[in-house]
Structure formats: structure tokens, C-alpha cells
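I have placed the structure first, in the form of C-alpha cells, so that the comments after it can refer back to it.
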Amino acid sequence: METMFNTKIQYLKGVGAKRAEILNKEASVYTLHDLIMYFPYKYIDKSKFYNISEISNNNNSYIQLKGIISDIQIIGNNRARRLVATLKDATGTIDLVWFNGIKYIENKIQINKKFIIFGKPTLFSHSYNISHPEITSLEEFEETQQIPIPFQPLYNTSEKMKKNGLDSKGISKLCYQLLSTYYHQIEETLPDYFLSKFKFIERKSALFNIHFPQSQQKLSEAQNRLKFEEMFFIQMHILQSKITHSIKSKGFLLPKVGFYFNEFYSHHLPFQLTNAQKRVIKEIRADFISGKQMNRLLQGDVGSGKTIISLLLMLIAIDNEFQCCLMAPTEILANQHYDSISLFLKELNINIALLTGTTKSAKRKEILTSLKENKISILIGTHALIEDTVMFNKLGLVIIDEQHRFGVEQRAKLWMKNECPPHVLVMTATPIPRTLAMTVYGDLDLSLVDELPQGRKPIITYHYNQNQRDKLITFLKKQISLKRQIYVVFPLIQESESLDLRNLIEGYESFKIDFPPPPYQVGCLHGKMNPDDKEKEMQKFIKGETNILLATTVIEVGVNIPNASVMLIENAERFGLSQLHQLRGRVGRGAEQSYCILLTGDKLTTESKKRIQVMLQTNDGFEIANFDLRLRGPGDMGGTKQSGMLEFKLIDIIKDEKIISFCRDIANSILKNDPMLEKKEHHCIKAYLKHLYQKKNIYYKIS
Ligand code: ADP
Ligand code: MG
């Protein structure tokens with residue numbers, strides 16, 4: 001059946017094959033429905049005519065005038081030629097100026113004829129003029145008034161589109177054509193009771209008014225309805241996939257809390273769990289006995305103690321005779337997890353193995369065999385765990401640390417390792433603002449560790465500038481005399497890796513001069529070193545043999561050395577906010593007062609000034625993530641780039657938090673009573689969902 005969803009745009013009157021191809025390529029408009037969903041990004045108020053005498057500094061935006069042309073002059077020589085026409089109304093005169101297309105204008109205008117002018121007045125040597133206004137003869141204007149546009153819509157158009165008559169006016173004409181032909185075929189996508197309950201206008205009317213607003217009021221109503229629709233269907237899609245997933249995916253039952261958990265909890269846990277940690281473990285215990293596969297995101301600020309939570313959960317899995325794995329994004333972090341977990345469990349007789357890209361092949365073989373024979377209970381490692389050769393005997397629980405460092409597919413590969421998928425917990429210290437969590441990660445359940453262990457002193461952050469180095473060195477020496485240790489981090493950005501490395505090496509030389517041995521010991525660590533040397537440097541720092549560890553961002557995530565209490569970040573202006581926060585999170589892990597020092601040059605861009613300001617202002621990861629979202633826009637947020645879910649037409653992921661939660665609540669309540677959308681009043685939702693998400697798949701394949 002021909003519908004607006006499957007009728008190709010080519011067949012709309014005024015389009016044709018060539019323009020259709022341009023619309024496909026440049027605007028992703030393939031069908032009639034795509035065009036109707038190609039919304040203007042802005043509107044210009046054409047509902048009012050101004051008097052020339054009203055023009056002043058106060059209204060120097062676009063305005064519309066009506067008058068006669070009283071004079072036409074061509075001024076200047078070849079290169080600086082311009083056409084100046086004077087427009088006159090009952091209240092005064094204003095000059096209209098053209099520098100290009102003079103011939104065209106000359107042919108178009110005549111003295112004493114009535115014209116409508118649209119443009120932006122600017123003050124030029126004491127009087128106003130308008131350069132390159134839109135100019136329409138009164139007759140022409142009255143003819144086109146059958147397209148009633150008090151607000152002229154502006155559409156995103158590329159050069160190529162403009163060249164082919166698809167500028168804002170061109171698109172607007174096509175939309176008018178489309179709406180006037182197909183208006184009555186536009187189907188409602190929301191149930192009637194929504195319209196009355198939430199006071200939404202009909203879809204037809206909303207689509208007409210988003211392209212051709214009849215008034216400011218109508219425009220707001222249209223935006224309101226279409227914004228809701230946009231987010232509501234995203235939420236319906238996410239929540240429905242979640243339901244389908246949970247129906248399909250049976251999960252292992254892990255009902256027993258047995259010897260390993262109890263023994264560790266009662267005799268080896270070195271501290272009291274925080275309430276937040278206890279709550280999260282309870283939430284996950286409920287998943288373990290639900291019979292459904294768990295897919296959960298565990299968020300908690302840096303230092304909130306996520307590792308111990310994951311360890312306790314692994315012990316439950318082991319109590320139920322399952323294997324577990326813990327994947328970390330860097331080798332350093334995997335090593336650290338291996339060391340600390342081995343230490344925690346040293347008296348429990350649990351077999352733990354470490355597998356990374358640098359595990360020697362004999363050892364690797366041995367691990368792979370034991371793993372298959374169920375002789376290893378906890379496998380810790382890096383990306384190496386994803387490889388096909390890594391096969392478990394009975395994998396029950398997968399934990400992914402610092403999940404934002406992994407791609408979606410990499411993660412998915414881990415849960416394919418069993419016939420029945422294991423429970424999956426992904427942990428992150430990069431807080432995802434609520435609005436994003438509800439959309440991009442909307443298919444995961446969410447747990448929050450919103451409390452830091454007791455006795456932590458908030459980290460004090462300072463901003464130093466390069467020429468305060470002496471003062472800085474004095475401060476660092478004081479800290480060392482108090483037996484504290486110091487990280488110094490240098491930026492390392494892929495594009496200029498060798499240059500950055502030189503910065504680090506030069507920094508190392510100068511630190512060795514400022515902090516000579518004895519008593520001082522300075523270490524240096526970067527990604528290019530071989531793994532054994534890296535591990536040696538790390539161990540020296542852990543044991544307190546080095547006072548200062550210079551490093552690239554290899555230490556950014558997860559590293560936990562409680563005695564290190566100063567984090568000095570060189571060229572802090574080159575880091576993003578979430579990275580700065582992660583780095584700062586490496587200190588403040590012990591009972592001592594910790595410091596983070598942001599060292600920058602003295603000339604800072606507005607952006608970097610803002611970032612430094614935010615860091616000085618707050619220690620709260622969520623607040624920082626919200627700032628980050630505002631400064632950078634959502635496209636850059638960790639791990640969301642590939643998702644393609646952030647291209648909204650009307651929704652603003654930052655400003656529209658209320659609408660997003662509202663849509664999620666409504667979607668939830670509908671699916672609760674009618675999960676398959678079988679009720680008659682929900683058929684319209686079902687049909688539109690089908691169109692939306694079928695279409696997406698097809699086009700993703702094409703492009
Ligand atoms: P993150 O959440 O950033 O991964 P970690 O798991 O590395 O944090 O924990 C940071 C530090 O806090 C570790 O030294 C850990 O042993 C310690 N820790 C965790 N939970 C508690 C607690 N309830 N009380 C005291 N210290 C804790
Ligand atoms: Mg961690």
C-alpha cells in the first residue's frame with residue numbers, strides 16, 4: 001500500500017529524480033514522511049510591516065517594509081559597483097543596497113512601483129540602510145500569500161541543495177505542496193486520550209504549524225506536541241526492547257549466599273561497607289534470583305568503592321559454582337585489580353588468573369585450558385578476554401570496569417560467550433547525566449553508589465600558572481616531607497604523541513634537577529614502555545620507593561594508591577573536564593588531606609578557563625558531567641558516539657530533562673498494562689513504532 005512512509009520523495013510534484021537524489025544524500029530525506037519531518041531550525045517573524053520611521057537601534061533584527069521605489073542609482077566603478085535603491089513609505093525613506101546581482105535587481109525593480117522588502121537594517125554613517133534585502137513586488141507578494149506565512153521558516157540546506165532550488169524557500173514550497181496534497185492522509189500517532197489528557201494538538205495540525213506557523217501560539221503548541229512525540233517513541237522503543245529482551249533471555253539463578261561470601265564478609269573485609277554499597281548489592285541480589293539475565297550499569301563517582309562491590313558479587317557467583325570475569329580497559333588497571341583482589345582473597349583458596357595482551361604464550365595456554373576445565377574461578381584481564389579462544393566452562397557473571405572505555409560491540413562479545421548469557425554488570429565513574437542515562441543507556445538498569453566511604457576529606461584543588469613553579473616546588477617538597485606521594489600527569493593526545501612524549505621526558509629531566517636524589521626519587525611511566533618496565537615503575541611507586549611518579553594518562557582510570565595525595569596536572573588546559581575529574585580521583589583515597597593542582601599557561605581560551613573554573617568549584621562528578629554536557633554537547637559524551645541516538649530533531653537533551661522523564665513515565669505505564677500494544681487505542685503507537693524503527697534499519701544499511 002502506498003503511504004507517506006513508503007512513497008518516494010521523487011514523486012512529489014516539483015521534486016523529480018535529480019532533486020530527489022540531492023534530498024536523499026544531503027538531507028536524508030527519502031520519503032514524503034521524511035520531508036514532513038524535516039523541520040525548520042528557525043523562524044523569521046513576517047506577521048508585521050514596520051514603518052520606516054520606526055527603525056532604530058532597538059529593533060535591528062530582520063523586518064518587513066512596504067513602500068515604493070523612489071530612486072535607483074548605480075554608484076562606483078567596476079570593482080566597487082553597487083546599486084542603491086531608495087524605498088519610501090508614508091513615514092520616511094531608507095536605502096537598499098546591492099553589491100552583487102545588480103543586473104537582476106535592475107530588471108526587477110521600477111521607480112514608483114510598490115514593493116515588499118525583507119531584510120536587516122544596519123547603521124551606516126548616521127543613517128540606516130539594508131543590504132541585499134529580499135524584494136518582492138506587491139503583485140507577486142499577493143499571489144504567494146496563498147502560502148500563508150507570518151513566520152518564514154528557515155531550513156538547514158547545503159550549498160548543493162541551494163544550487164538546485166532547495167534553499168529555505170524551495171523546501172518551504174515543497175512542504176506546502178506536500179501538506180496541501182496529503183494533509184488528510186497524515187495519520188494520528190498518539191491515542192485520542194493522550195490528546196485530551198495532555199492537551200496536545202492533532203498530528204496533522206502540529207506538522208502544518210511546525211512548517212507554517214499561523215501564530216506564535218500555534219508554533220508553541222506544535223513544538224510541544226512534536227517534542228513529546230519524538231521522545232515518547234524513543235522511550236517506547238527502548239523500553240519495549242528491554243521487555244522483549246527480558247522475556248527472551250533467561251538468566252542463571254544465583255540464589256545461594258554461601259561460604260566464600262560469608263567468610264570474606266565476616267573475616268576479611270577491611271572496612272564497613274557504606275550504605276550505598278550495601279543497597280547496590282541488595283539490588284543486584286534481586287537480579288540474581290529473578291531468573292532473568294541482568295544488564296546493569298553501576299555508576300559511582302571516583303573513589304566510591306565500586307571494586308569491592310564487584311568482588312562481593314563475584315563471591316556470590318562462586319558460591320553458586322559459576323565462573324566470573326572482570327575486564328578493565330588498561331593493562332595497568334587489570335594488573336592492579338589482579339593484585340588487590342588476590343590480596344583480598346589470599347586466605348580463601350580461590351583460583352584467580354590474569355590474562356592480558358602481554359601474557360606469555362605458555363602461561364596463556366595454561367590459563368585457557370584451566371578455564372575450560374573450570375579450574376579458574378575469577379579471570380581478570382583486558383581486551384584479551386574478548387578473544388574467541390577464551391572459553392569458559394560455566395561463566396555466570398561478567399564485570400566490566402570503566403565501561404565508557406569500551407565500545408558497545410566489544411561488550412556484547414563478552415556476553416555471547418555462553419549459550420545462556422551471563423549476568424552483566426558494567427561499572428563507570430564517568431557519571432552519565434540522567435537525561436542521557438534515560439536515552440542512550442535506557443536499556444540498562446541503573447544502580448548508583450551515591451556516597452563516599454567515611455573519613456574522606458574533600459580534595460583541595462588549586463590553579464597554578466607556569467611562572468609560579470618555584471612556589472609549586474616548595475609545596476611539593478613540603479608534601480614529600482610529610483611522607484606523601486605525588487603524581488604528575490602530562491597530556492598525551494594521539495595526534496602529537498611524539499611531541500607529548502618529549503614533554504614528558506623533558507619534564508622528567510627537570511623534575512630530577514628540582515628533586516635530586518637522595519632523598520628524592522622520581523619515576524616515569526608511559527604507554528610506550530614495555531609492560532615489565534611499566535609494572536616495575538608502578539611497583540616502585542606502590543611500595544613508596546619513588547616520591548614522584550611522572551606519567552601520561554595511562555594512570556587515568558581506576559588506579560588506587562591511597563598514599564598518593566597530590567595530583568599535579570601539567571598543561572591542564574589540554575584536558576577535557578571528565579578526564580580532569582578522573583585524574584583528580586586518583587588522590588583523596590586515603591585519610592590524608594589530598595590536593596589536585598592544575599598547572600596551565602597564562603593565556604587560556606574561554607573554554608579552558610571555564611573548565612578550570614568548574615574544577616575549582618566542585619568535586620561532584622555529576623555536577624561536572626552536567627557542565628561537560630553543556631560545554632561540549634552530548635555528541636562527545638563517553639561511549640555514546642557510536643550510538644546514533646543523540647540526533648534529536650526537537651529535543652534538547654540538556655534543557656528538556658522534564659519532558660524526557662515525563663515521556664519515560666508515560667511509556668512505562670503504557671507498557672505495564674499493554675506490553676504488546678494490543679489494545680485498540682494503542683494500535684496507532686504500534687504502527688508508528690514499526691515505521692520508525694523498520695525504516696531506520698533499512699537506511700542504515702543503505703548508507
Ligand atoms: P572506584 O569506585 O573509583 O573504583 P575503588 O573501588 O578503587 O573506587 O575504591 C577506592 C578506595 O576506597 C579503595 O582503596 C577501597 O579499598 C576503599 N574503599 C572501598 N569501600 C570502602 C569503604 N566502605 N570504607 C572504606 N574504604 C573503602
Ligand atoms: Mg575503579
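Numbering starts fresh at 1 for the residues of each chain in the C-alpha cells, the chains themselves are lettered A, B, ... in the order given, and ligands are numbered from 1 as they appear.
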Write out as a PDB file with N, CA and C atoms, in the first residue's frame the set of residues from region 113-204 of chain A that DSSP, computed on the backbone, places in helix (DSSP H, G or I).
ATOM      1  N   LEU A 138       4.516  43.931  -5.112  1.00  0.00           N
ATOM      2  CA  LEU A 138       3.282  43.735  -4.359  1.00  0.00           C
ATOM      3  C   LEU A 138       2.407  42.653  -4.996  1.00  0.00           C
ATOM      4  N   GLU A 139       2.345  42.659  -6.348  1.00  0.00           N
ATOM      5  CA  GLU A 139       1.508  41.640  -7.027  1.00  0.00           C
ATOM      6  C   GLU A 139       2.020  40.243  -6.704  1.00  0.00           C
ATOM      7  N   GLU A 140       3.323  40.093  -6.868  1.00  0.00           N
ATOM      8  CA  GLU A 140       3.926  38.780  -6.612  1.00  0.00           C
ATOM      9  C   GLU A 140       3.648  38.362  -5.172  1.00  0.00           C
ATOM     10  N   PHE A 141       3.773  39.324  -4.277  1.00  0.00           N
ATOM     11  CA  PHE A 141       3.569  39.062  -2.861  1.00  0.00           C
ATOM     12  C   PHE A 141       2.152  38.569  -2.607  1.00  0.00           C
ATOM     13  N   GLU A 142       1.191  39.254  -3.233  1.00  0.00           N
ATOM     14  CA  GLU A 142      -0.203  38.873  -3.006  1.00  0.00           C
ATOM     15  C   GLU A 142      -0.503  37.498  -3.574  1.00  0.00           C
ATOM     16  N   GLU A 143       0.142  37.184  -4.704  1.00  0.00           N
ATOM     17  CA  GLU A 143      -0.021  35.851  -5.277  1.00  0.00           C
ATOM     18  C   GLU A 143       0.453  34.772  -4.303  1.00  0.00           C
ATOM     19  N   THR A 144       1.643  34.989  -3.778  1.00  0.00           N
ATOM     20  CA  THR A 144       2.205  33.940  -2.916  1.00  0.00           C
ATOM     21  C   THR A 144       1.536  33.918  -1.546  1.00  0.00           C
ATOM     22  N   GLU A 159      25.114  23.770   0.280  1.00  0.00           N
ATOM     23  CA  GLU A 159      25.387  24.504  -0.960  1.00  0.00           C
ATOM     24  C   GLU A 159      24.735  23.812  -2.149  1.00  0.00           C
ATOM     25  N   LYS A 160      24.915  22.503  -2.147  1.00  0.00           N
ATOM     26  CA  LYS A 160      24.401  21.726  -3.273  1.00  0.00           C
ATOM     27  C   LYS A 160      22.878  21.828  -3.360  1.00  0.00           C
ATOM     28  N   MET A 161      22.247  21.820  -2.212  1.00  0.00           N
ATOM     29  CA  MET A 161      20.792  21.958  -2.198  1.00  0.00           C
ATOM     30  C   MET A 161      20.394  23.329  -2.729  1.00  0.00           C
ATOM     31  N   LYS A 162      21.092  24.360  -2.241  1.00  0.00           N
ATOM     32  CA  LYS A 162      20.754  25.725  -2.665  1.00  0.00           C
ATOM     33  C   LYS A 162      20.870  25.875  -4.174  1.00  0.00           C
ATOM     34  N   LYS A 163      21.951  25.320  -4.713  1.00  0.00           N
ATOM     35  CA  LYS A 163      22.177  25.447  -6.150  1.00  0.00           C
ATOM     36  C   LYS A 163      21.056  24.817  -6.962  1.00  0.00           C
ATOM     37  N   SER A 168      15.882  27.528   1.628  1.00  0.00           N
ATOM     38  CA  SER A 168      14.757  27.524   2.565  1.00  0.00           C
ATOM     39  C   SER A 168      13.427  27.720   1.849  1.00  0.00           C
ATOM     40  N   LYS A 169      13.430  28.655   0.909  1.00  0.00           N
ATOM     41  CA  LYS A 169      12.171  28.917   0.197  1.00  0.00           C
ATOM     42  C   LYS A 169      11.741  27.709  -0.610  1.00  0.00           C
ATOM     43  N   GLY A 170      12.710  27.070  -1.255  1.00  0.00           N
ATOM     44  CA  GLY A 170      12.423  25.895  -2.077  1.00  0.00           C
ATOM     45  C   GLY A 170      11.839  24.763  -1.242  1.00  0.00           C
ATOM     46  N   ILE A 171      12.483  24.509  -0.089  1.00  0.00           N
ATOM     47  CA  ILE A 171      11.996  23.443   0.793  1.00  0.00           C
ATOM     48  C   ILE A 171      10.595  23.787   1.280  1.00  0.00           C
ATOM     49  N   SER A 172      10.434  25.069   1.626  1.00  0.00           N
ATOM     50  CA  SER A 172       9.158  25.510   2.150  1.00  0.00           C
ATOM     51  C   SER A 172       8.052  25.273   1.113  1.00  0.00           C
ATOM     52  N   LYS A 173       8.352  25.576  -0.136  1.00  0.00           N
ATOM     53  CA  LYS A 173       7.380  25.357  -1.207  1.00  0.00           C
ATOM     54  C   LYS A 173       7.001  23.879  -1.301  1.00  0.00           C
ATOM     55  N   LEU A 174       8.028  23.024  -1.260  1.00  0.00           N
ATOM     56  CA  LEU A 174       7.758  21.583  -1.337  1.00  0.00           C
ATOM     57  C   LEU A 174       6.894  21.130  -0.167  1.00  0.00           C
ATOM     58  N   CYS A 175       7.207  21.649   1.014  1.00  0.00           N
ATOM     59  CA  CYS A 175       6.424  21.258   2.191  1.00  0.00           C
ATOM     60  C   CYS A 175       4.980  21.704   2.026  1.00  0.00           C
ATOM     61  N   TYR A 176       4.818  22.880   1.450  1.00  0.00           N
ATOM     62  CA  TYR A 176       3.451  23.370   1.258  1.00  0.00           C
ATOM     63  C   TYR A 176       2.703  22.469   0.285  1.00  0.00           C
ATOM     64  N   GLN A 177       3.402  22.137  -0.783  1.00  0.00           N
ATOM     65  CA  GLN A 177       2.853  21.225  -1.783  1.00  0.00           C
ATOM     66  C   GLN A 177       2.415  19.904  -1.126  1.00  0.00           C
ATOM     67  N   LEU A 178       3.332  19.391  -0.337  1.00  0.00           N
ATOM     68  CA  LEU A 178       3.101  18.112   0.338  1.00  0.00           C
ATOM     69  C   LEU A 178       1.917  18.202   1.295  1.00  0.00           C
ATOM     70  N   LEU A 179       1.934  19.249   2.111  1.00  0.00           N
ATOM     71  CA  LEU A 179       0.885  19.360   3.117  1.00  0.00           C
ATOM     72  C   LEU A 179      -0.475  19.615   2.483  1.00  0.00           C
ATOM     73  N   SER A 180      -0.484  20.381   1.401  1.00  0.00           N
ATOM     74  CA  SER A 180      -1.801  20.648   0.837  1.00  0.00           C
ATOM     75  C   SER A 180      -2.345  19.424   0.097  1.00  0.00           C
ATOM     76  N   THR A 181      -1.475  18.580  -0.422  1.00  0.00           N
ATOM     77  CA  THR A 181      -1.968  17.375  -1.104  1.00  0.00           C
ATOM     78  C   THR A 181      -2.322  16.263  -0.128  1.00  0.00           C
ATOM     79  N   TYR A 182      -1.473  16.083   0.879  1.00  0.00           N
ATOM     80  CA  TYR A 182      -1.604  14.879   1.711  1.00  0.00           C
ATOM     81  C   TYR A 182      -2.134  15.139   3.119  1.00  0.00           C
ATOM     82  N   TYR A 183      -2.503  16.387   3.386  1.00  0.00           N
ATOM     83  CA  TYR A 183      -2.883  16.747   4.750  1.00  0.00           C
ATOM     84  C   TYR A 183      -3.800  15.708   5.409  1.00  0.00           C
ATOM     85  N   HIS A 184      -4.807  15.272   4.671  1.00  0.00           N
ATOM     86  CA  HIS A 184      -5.786  14.381   5.299  1.00  0.00           C
ATOM     87  C   HIS A 184      -5.306  12.943   5.425  1.00  0.00           C
ATOM     88  N   GLN A 185      -4.172  12.665   4.795  1.00  0.00           N
ATOM     89  CA  GLN A 185      -3.621  11.308   4.953  1.00  0.00           C
ATOM     90  C   GLN A 185      -2.651  11.200   6.123  1.00  0.00           C
ATOM     91  N   ASP A 192      -6.236   8.984  21.189  1.00  0.00           N
ATOM     92  CA  ASP A 192      -7.102  10.138  21.462  1.00  0.00           C
ATOM     93  C   ASP A 192      -7.009  10.604  22.908  1.00  0.00           C
ATOM     94  N   TYR A 193      -6.965   9.610  23.809  1.00  0.00           N
ATOM     95  CA  TYR A 193      -6.989  10.024  25.222  1.00  0.00           C
ATOM     96  C   TYR A 193      -5.733  10.803  25.623  1.00  0.00           C
ATOM     97  N   PHE A 194      -4.625  10.637  24.885  1.00  0.00           N
ATOM     98  CA  PHE A 194      -3.440  11.477  25.119  1.00  0.00           C
ATOM     99  C   PHE A 194      -3.767  12.930  24.784  1.00  0.00           C
ATOM    100  N   LEU A 195      -4.391  13.086  23.611  1.00  0.00           N
ATOM    101  CA  LEU A 195      -4.657  14.432  23.136  1.00  0.00           C
ATOM    102  C   LEU A 195      -5.523  15.196  24.129  1.00  0.00           C
ATOM    103  N   SER A 196      -6.535  14.512  24.649  1.00  0.00           N
ATOM    104  CA  SER A 196      -7.386  15.249  25.577  1.00  0.00           C
ATOM    105  C   SER A 196      -6.711  15.404  26.935  1.00  0.00           C
ATOM    106  N   LYS A 197      -6.067  14.341  27.392  1.00  0.00           N
ATOM    107  CA  LYS A 197      -5.474  14.388  28.730  1.00  0.00           C
ATOM    108  C   LYS A 197      -4.318  15.392  28.798  1.00  0.00           C
ATOM    109  N   PHE A 198      -3.440  15.388  27.787  1.00  0.00           N
ATOM    110  CA  PHE A 198      -2.265  16.262  27.853  1.00  0.00           C
ATOM    111  C   PHE A 198      -2.431  17.539  27.033  1.00  0.00           C
ATOM    112  N   ARG A 203      -1.826  15.609  15.189  1.00  0.00           N
ATOM    113  CA  ARG A 203      -0.557  15.498  14.486  1.00  0.00           C
ATOM    114  C   ARG A 203      -0.559  16.330  13.203  1.00  0.00           C
ATOM    115  N   LYS A 204      -1.634  16.202  12.441  1.00  0.00           N
ATOM    116  CA  LYS A 204      -1.756  16.964  11.194  1.00  0.00           C
ATOM    117  C   LYS A 204      -1.480  18.437  11.433  1.00  0.00           C
TER     118      LYS A 204
END
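Omitting Lys120 (chain A) and its sequence neighbours fewer than 2 positions away, and counting only C-alpha atoms, the residues within 7 Å are A:Asn60, A:Ser61, A:Tyr62, A:Ile63, A:Thr122, A:Ile130.
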Residues of the last selection are to be written out with all heavy atoms, as a CSV table (one decimal), in the first residue's frame.
chain,number,residue,atom,x,y,z
A,60,ASN,N,17.1,46.1,15.6
A,60,ASN,CA,17.9,45.8,14.4
A,60,ASN,C,18.0,44.3,14.0
A,60,ASN,O,19.0,43.7,13.8
A,60,ASN,CB,19.4,46.3,14.6
A,60,ASN,CG,19.9,45.8,15.9
A,60,ASN,OD1,19.2,45.1,16.6
A,60,ASN,ND2,21.2,46.2,16.2
A,61,SER,N,16.8,43.7,14.1
A,61,SER,CA,16.8,42.3,13.5
A,61,SER,C,16.1,42.4,12.2
A,61,SER,O,15.8,43.5,11.6
A,61,SER,CB,16.1,41.4,14.5
A,61,SER,OG,14.7,41.8,14.6
A,62,TYR,N,15.7,41.3,11.6
A,62,TYR,CA,15.0,41.3,10.3
A,62,TYR,C,13.6,41.9,10.4
A,62,TYR,O,12.9,41.6,11.3
A,62,TYR,CB,14.9,39.8,9.8
A,62,TYR,CG,16.2,39.3,9.3
A,62,TYR,CD1,17.1,38.7,10.1
A,62,TYR,CD2,16.5,39.4,7.9
A,62,TYR,CE1,18.3,38.2,9.7
A,62,TYR,CE2,17.7,39.0,7.4
A,62,TYR,CZ,18.6,38.4,8.3
A,62,TYR,OH,19.8,37.9,7.9
A,63,ILE,N,13.3,42.8,9.5
A,63,ILE,CA,12.0,43.4,9.5
A,63,ILE,C,11.4,43.4,8.1
A,63,ILE,O,12.2,43.3,7.1
A,63,ILE,CB,12.0,44.8,10.1
A,63,ILE,CG1,13.0,45.7,9.2
A,63,ILE,CG2,12.4,44.8,11.5
A,63,ILE,CD1,12.8,47.2,9.6
A,122,THR,N,21.0,48.1,8.9
A,122,THR,CA,22.2,48.4,9.7
A,122,THR,C,22.6,49.9,9.6
A,122,THR,O,22.2,50.5,8.6
A,122,THR,CB,23.5,47.6,9.2
A,122,THR,OG1,23.4,47.7,7.7
A,122,THR,CG2,23.4,46.2,9.6
A,130,ILE,N,19.7,48.9,4.2
A,130,ILE,CA,19.5,47.4,4.2
A,130,ILE,C,20.3,46.8,3.0
A,130,ILE,O,20.0,47.2,1.9
A,130,ILE,CB,18.1,47.0,4.1
A,130,ILE,CG1,17.3,47.6,5.2
A,130,ILE,CG2,17.9,45.5,4.2
A,130,ILE,CD1,15.8,47.3,5.2
Using only C-alpha atoms, which residues sit within 8 Å of Ile561 (chain A) once same-chain residues fewer than 3 positions away are excluded, as a ChimeraX atom specification?
-> /A:542,564,586-587,589
Do a neighbour search on region 93-97 of chain A at 12 Å with only C-alpha atoms, toss out local chain neighbours closer than 5 positions, and write the hits as a ChimeraX atom specification.
-> /A:51-56,65-75,81-88,102,105-106,109,115-124,126-135
Excluding same-chain residues fewer than 4 positions from Val280 (chain A), what lies within 8 Å of it counting only C-alpha atoms, as a PyMOL selection string?
-> chain A and resi 276+284+309+447-449
Find the residues around Ser310 (chain A) up to 9 Å (only C-alpha atoms counted), leave out those fewer than 4 positions away in its own chain, and share them as number ranges by chain.
-> A: 281, 306, 314-315, 326, 399, 425, 427
Could you produce a table of the residues of chain A lying within 9 Å of ligand 2, with the nearest pair of atoms per residue and their separation in Å rounded to one decimal, using only C-alpha atoms and all ligand atoms, ordered by chain and increasing residue number, as a tab-separated table?
residue	atom	partner	partner_atom_place_in_ligand_line	distance
A:Val302	CA	ligand 2	1 (Mg)	6.8
A:Gly303	CA	ligand 2	1 (Mg)	7.0
A:Ser304	CA	ligand 2	1 (Mg)	8.3
A:Gly305	CA	ligand 2	1 (Mg)	7.1
A:Lys306	CA	ligand 2	1 (Mg)	5.9
A:Thr307	CA	ligand 2	1 (Mg)	5.7
A:Leu333	CA	ligand 2	1 (Mg)	8.4
A:His337	CA	ligand 2	1 (Mg)	8.8
A:Asp401	CA	ligand 2	1 (Mg)	6.6
A:Glu402	CA	ligand 2	1 (Mg)	6.9
A:Met427	CA	ligand 2	1 (Mg)	8.0
A:Thr428	CA	ligand 2	1 (Mg)	7.7
A:Ala429	CA	ligand 2	1 (Mg)	7.2
A:Val557	CA	ligand 2	1 (Mg)	7.0
A:Gly558	CA	ligand 2	1 (Mg)	4.0
A:Val559	CA	ligand 2	1 (Mg)	7.1
A:Asn560	CA	ligand 2	1 (Mg)	7.8
